[in-house]
Structure formats: C-alpha cells, structure tokens
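Asks: Below is the structure I would like to discuss, written out as structure tokens.
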Amino acid sequence: MINKLAGKENMRKRIVIVECYSSAVNYIHDIRERGFEPVLLENYQPEEEREKVREMNDLAYAFNGDLRPMVIMAKESYEETLEMVRRLMPVLILPGSDPGTALALRLSFDLKLKNNPPGIFWNIRDKRVMQETLKSAGLRFIRSYTICSEEDALRRYRAEEGRRVVIKPSQAAGSAGVYICGSEREACEAYRVNSAFVRKRDRKGEKVILQEYISGDEYAVDTISCKGRHVALFGMKYIKRRCNGFGKIYDTDLYFSPDDPSMDELLEYCFQVLTCLGIQYGSVHSEIMIDDSGPVLIEVNPRPAGAFQRYSFQDKVMVNHETAVALDSYLMDPESFFGKYPVRMHLKQPAAVRQICIPEEIFVKRVKLKERLSRLRSFDYVIEHGENCIYPRTTDLDTNGGMIYLTADDPEIIDEDLGVIRRLEKEGLHELYDWYRT
C-alpha cells in the first residue's frame, strides 16, 4: 500500500524534479499519489538544442502513460532560475538523473529545503574524488589518477607494470567511455576517445581518469537514506561482457534480495560508503565490485536506478518501488520512515533485465522485440527503440538494441527465457528486427 500524505492542503504544493529521466519518471505518478503537483525542471539548453531535447524528454515523460506535468527549463543565469523556482514555492527539489544533481542541491540549499548538503557534490559526482574520500576515511578504495595527455596515460599505465587499467570520464554514467586497457596502444586510444568526449560535453570539472582494474563480481545496490540512516531497497548482480576489443557492456542484471545473508559484507560496506560520502536523503545507486579482498566501490549515482524501470514492474518484484520510498524519506519523519521500512528489504520474486547487443552498425526497418519475446513466460515489458533508423554497434548502455524485463516466481523460468534471448541475439537477430547492414 502506497503511503499517501495526500490531503486538500497539498493539492497546490509542488515537488520539483530536476532532469527527470529514465526510472525517475516514476516520480510523476508518486508525487500525484501523495497529493502534490509534480514540476519537471530541465537544465538550460541553447536554442539550437531545444527541439531535440524536447522530443527526447517528452517521450520519457510519457513512459508510464501519465498526464504530462508542468515542464520548465532553467535559465542561463542561476539567479534567474532560482527566482523562477522560488515563485513555484516547492516543498522539495530532487535530482532525477546525474546531470540534475548539482542544480537540485544548490536550489534546495538556497531555498532552505530538505536535501543532501551541496558541499558533498563532488563526493557523489566525481569518480576520483569519491575514491579519495573513501581513502581518507580508511575504507577500501580504488586507486585513481587524473590524466591530461597521452603521455600521462602511458606513464600511469607503465607504472602498473603490465596490469590492466580502466580509463574513463570522471562524471559519465551507463558505462559510457569505460575502457579496460591491457596495452600501451589501448591506453592511448582510450585517452584520445575520452578526451574528445569530455571536451564535447564541456561539464564543469570533468576530466579523464585512470584507475586500477579490479577483477571480480560486480553488483549494484539501490538504497534510500533518511536523515543519514540507510535502507537497502534492492540489489542487482551485473553480468557484463567485453566489446570492441577493450570495452565492457551490460548484458544481464539479476536482481537479489538485500536480506539475503550472503550479502551481509556487501551491504555493510555499502552503508559505510554512503555515510562516508555524506548522503543524508533520497535514492543512491551504488556500484560495487567484490574480489578476493572483499567489496570495493566503483561509483555512486545520487538518483534512482536507471534503465527505465517501471514502477508497476518494481511493485511485482519488491514491496515498494524506489521513487515511492525515496519521496517518503523526505516527507515522513525518520521514526515513522524506519518504522515502515526495514533496513534490509525483501524482494517478493526474482527478476532480470536483459540488454540486446548489436554487434555492428545496422539499419532497422522494423522492431519485433515485443512481438517475439512476449511469448516468454517471465516477460513483463520491453523497451524498443526507433524504427527506420540506424542502430549503432553497442558500446554502452545508451547504444543497446533494446531492454527486456523479466520476472517470475520461479528463477528457473527466468533462466530458460534468458537462454532463449541469448540464442536469438546470436543466431536469430532477424526474428527480433527487420534489418540490413549499412
């Protein structure tokens, strides 16, 4: 049962979501369920970019079939944006995706609204800073270095004495720009690609970093914090694969229950990380590797889990879906919140998400994912991309060929269905798309 704080007095009170994208679009439903009015604030875009951004964002806002809420765009000047938002008299301002974090924290602070303190921004957005923060606190961390040239990349790579390294942007998400390098040539190429990527994005403080490579099992834990205490809502084990020689892409995400005793060490470390980084409220998506030495943080993302997880899907899998619990962490007093939600929550049934990998650039005339895969016993829904367009070779989460969401009472049913998808991807791509090579 969704906690409802709705009342007549709330109907004109507003909750602002900054850069509401991916699974954060579930906030639209949940804000209304609690009797508030959602307002979606988009980061400032120059005039020539707005049509493209509007088309993409409007598709996201309609993902659940909700009525389109009020949508506003930030001004080029922060002061003008602050005054525009002040006039809305919001009760909360929350980030809906990584690029919305800075503005949400700053506006919340200036309007004296409950949120994480803006002083932790670099802890939760810059992948090198967050590792240095863990190091200072005595927690296990990944050695990370800023690199500013190919010579820098070569010097740092050689210092690893033949061990593999990771080169990536310091603020990217969805595995964008992540390269696992095992040679000097790969290190130089990864630096060149990421340097161009960082220059093009032109984000404040973003750099290319080189990290030691940790080999192990990779997990994600989604948590909700309330006044500095944390609840583990659900977790996923990532199954990834190499691509393009030395990158890694998502393949399958297998959900696990936080109350599983085998997850004790992972959850204890995750909570220590959140406290160390200064997290006080709301959703955090933490990615953690486990090797022979135990868990170590890859990165945190201060927003709901990505990959467009519908609240209807999450409600089949878990007791309460993520954006609902996140809102409660702000709207409820801590005693009531922790009385309602256990520190380690239980999943109701197994689930998985499977991304389709496109091995080469193709032209897709028609997408048949739902048509073919809805026959699977664990099928819940699928995210299909466009038709009559080019699909690039898959190199990260944003360039997958589609995402299939599976859930069933019996995990063996999910395993069987994942096997069908793997076979079709490898041998029967024509059953999933009408396509030809470009």
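Lettering and numbering for the structure tokens are positional, with chains as A, B, ... in the shown order, residues counted from 1 in each chain, and ligands counted from 1 in the shown order.
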Any chance you could list, as a VMD selection string, the residues in range 16-46 of chain A that come up alpha helix (DSSP H) when DSSP is run on the backbone?

Replies: chain A and resid 26 to 33

Asks: Quick one: residues within 10 Å of range 105-113 of chain A, only C-alpha atoms counted, chain neighbours fewer than 2 positions away excluded, as a list of chain:residue names?

Replies: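 In the requested format, the answer is A:Val18, A:Tyr78, A:Glu79, A:Thr81, A:Leu82, A:Glu83, A:Val85, A:Arg86, A:Met89, A:Pro90, A:Val91, A:Leu92, A:Ile93, A:Leu94, A:Pro95, A:Gly100, A:Thr101, A:Ala102, A:Leu103, A:Asn115, A:Asn116, A:Pro117, A:Pro118, A:Gly119, A:Ile120, A:Phe121, A:Tyr330.
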
Asks: Residues of range 67-310 of chain A classed as strand (DSSP E or B) by DSSP on the backbone are to be reported as JSON, numbers by chain.

Replies: {"A": [70, 71, 72, 73, 90, 91, 92, 93, 94, 95, 144, 145, 146, 147, 165, 166, 167, 168, 169, 179, 180, 181, 208, 209, 210, 211, 212, 217, 218, 219, 220, 221, 222, 223, 224, 225, 226, 229, 230, 231, 232, 233, 234, 235, 236, 237, 238, 239, 240, 241, 242, 243, 247, 248, 249, 250, 251, 252, 253, 254, 255, 256, 282, 283, 284, 285, 286, 287, 288, 289, 290, 291, 294, 295, 296, 297, 298, 299, 300, 301]}

Asks: Choose the residue, out of A:Glu412, A:Glu76, A:Asp398, A:Asp126, that has the smallest atom-to-atom separation from Ala307 in chain A; count only C-alpha atoms.

Replies: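 Of A:Glu412, A:Glu76, A:Asp398, A:Asp126, the one nearest Ala307 in chain A is A:Asp398, counting only C-alpha atoms.
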
Asks: Quick one: residues within 8 Å of range 270-281 of chain A, only C-alpha atoms counted, chain neighbours fewer than 2 positions away excluded, as a list in words?

Replies: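 Selected residues are Asn115, Asn116, Pro117, Ile120, Asn123, Ile124, Met130, Thr133, Leu134, Ala137, Leu139, Val221, Ile224, Ser225, Cys226, Lys227, Gly228, Arg229, His230, Leu266, Leu267, Glu268, Ser283, Ser286, Ile288, Leu297, Ala326, Ser329 and Tyr330 of chain A.
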
Asks: Determine, counting only C-alpha atoms, which protein, DNA and RNA residues have an atom within 10 Å of an atom of Val193 in chain A; residues of the same chain fewer than 2 positions away are not included. Present the result as a list in words.

Replies: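 Residues near the query, excluding close chain neighbours: Ile167, Lys168, Pro169, Gly177, Tyr179, Cys188, Glu189, Ala190, Tyr191, Ser195, Ala196, Phe197, Val198 and Val208 of chain A.
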
Asks: Take CA of Ala305 in chain A and CA of Glu49 in chain A and report the distance between them in Å, one decimal.

Replies: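 Calculated distance between CA of Ala305 in chain A and CA of Glu49 in chain A is 26.4 Å.
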
Asks: Could you please determine the separation between CA of Ile17 in chain A and CA of Leu41 in chain A in Å, to one decimal place?

Replies: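 It comes out at 6.0 Å.
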
Asks: CA of Met263 in chain A and CA of Met289 in chain A are how many Å apart?

Replies: 12.5 Å

Asks: Closest to Tyr21 in chain A among A:Pro304, A:Pro261, A:Pro46, A:Pro38, using only C-alpha atoms?

Replies: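 Result for the nearest residue to Tyr21 in chain A: A:Pro304.
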
Asks: Between A:Ala153, A:Leu67, A:Leu376, A:Met403, which residue has the minimum interatomic distance to Arg185 in chain A, considering only C-alpha atoms?

Replies: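 Smallest distance to Arg185 in chain A is found for A:Ala153.
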
Asks: Of the residues A:Asp333, A:Asp253, A:Asp98, A:Glu206, which is the one nearest to Ala24 in chain A, using only C-alpha atoms?

Replies: A:Asp98

Asks: Taking 5 positions as the minimum chain separation for residues in the same chain, which residues sit within 8 Å of range 291-296 of chain A when counting only C-alpha atoms? Answer as a PyMOL selection string.

Replies: chain A and resi 140-142+214-217+265-266+269

Asks: Could you write those residues out with C-alpha atoms, as a short mmCIF file (atom, residue, chain, number, x, y, z; two decimals), in the first residue's frame?

Replies:
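File produced: part18.cif:
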data_model
loop_
_atom_site.label_atom_id
_atom_site.label_comp_id
_atom_site.auth_asym_id
_atom_site.auth_seq_id
_atom_site.Cartn_x
_atom_site.Cartn_y
_atom_site.Cartn_z
CA ARG A 140 38.72 0.30 0.80
CA PHE A 141 39.07 2.36 -2.39
CA ILE A 142 40.26 2.14 -6.00
CA ILE A 214 39.58 -4.74 -10.11
CA SER A 215 38.53 -8.18 -11.35
CA GLY A 216 35.59 -9.76 -9.57
CA ASP A 217 31.80 -9.89 -9.40
CA GLU A 265 29.52 -7.92 3.80
CA LEU A 266 28.39 -6.07 0.67
CA TYR A 269 30.39 -1.79 3.19
#

Asks: When distances are computed from only C-alpha atoms, which of A:Arg192, A:Arg354, A:Lys204, A:Arg163 shows the smallest separation from Tyr250 in chain A?

Replies: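 With only C-alpha atoms as the atom set, the closest residue is A:Arg354.
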
Asks: With only C-alpha atoms as the basis for distance, which of A:Gln171, A:Phe234, A:Gly401, A:Gly428 is at the shortest distance from Asp202 in chain A?

Replies: A:Gln171
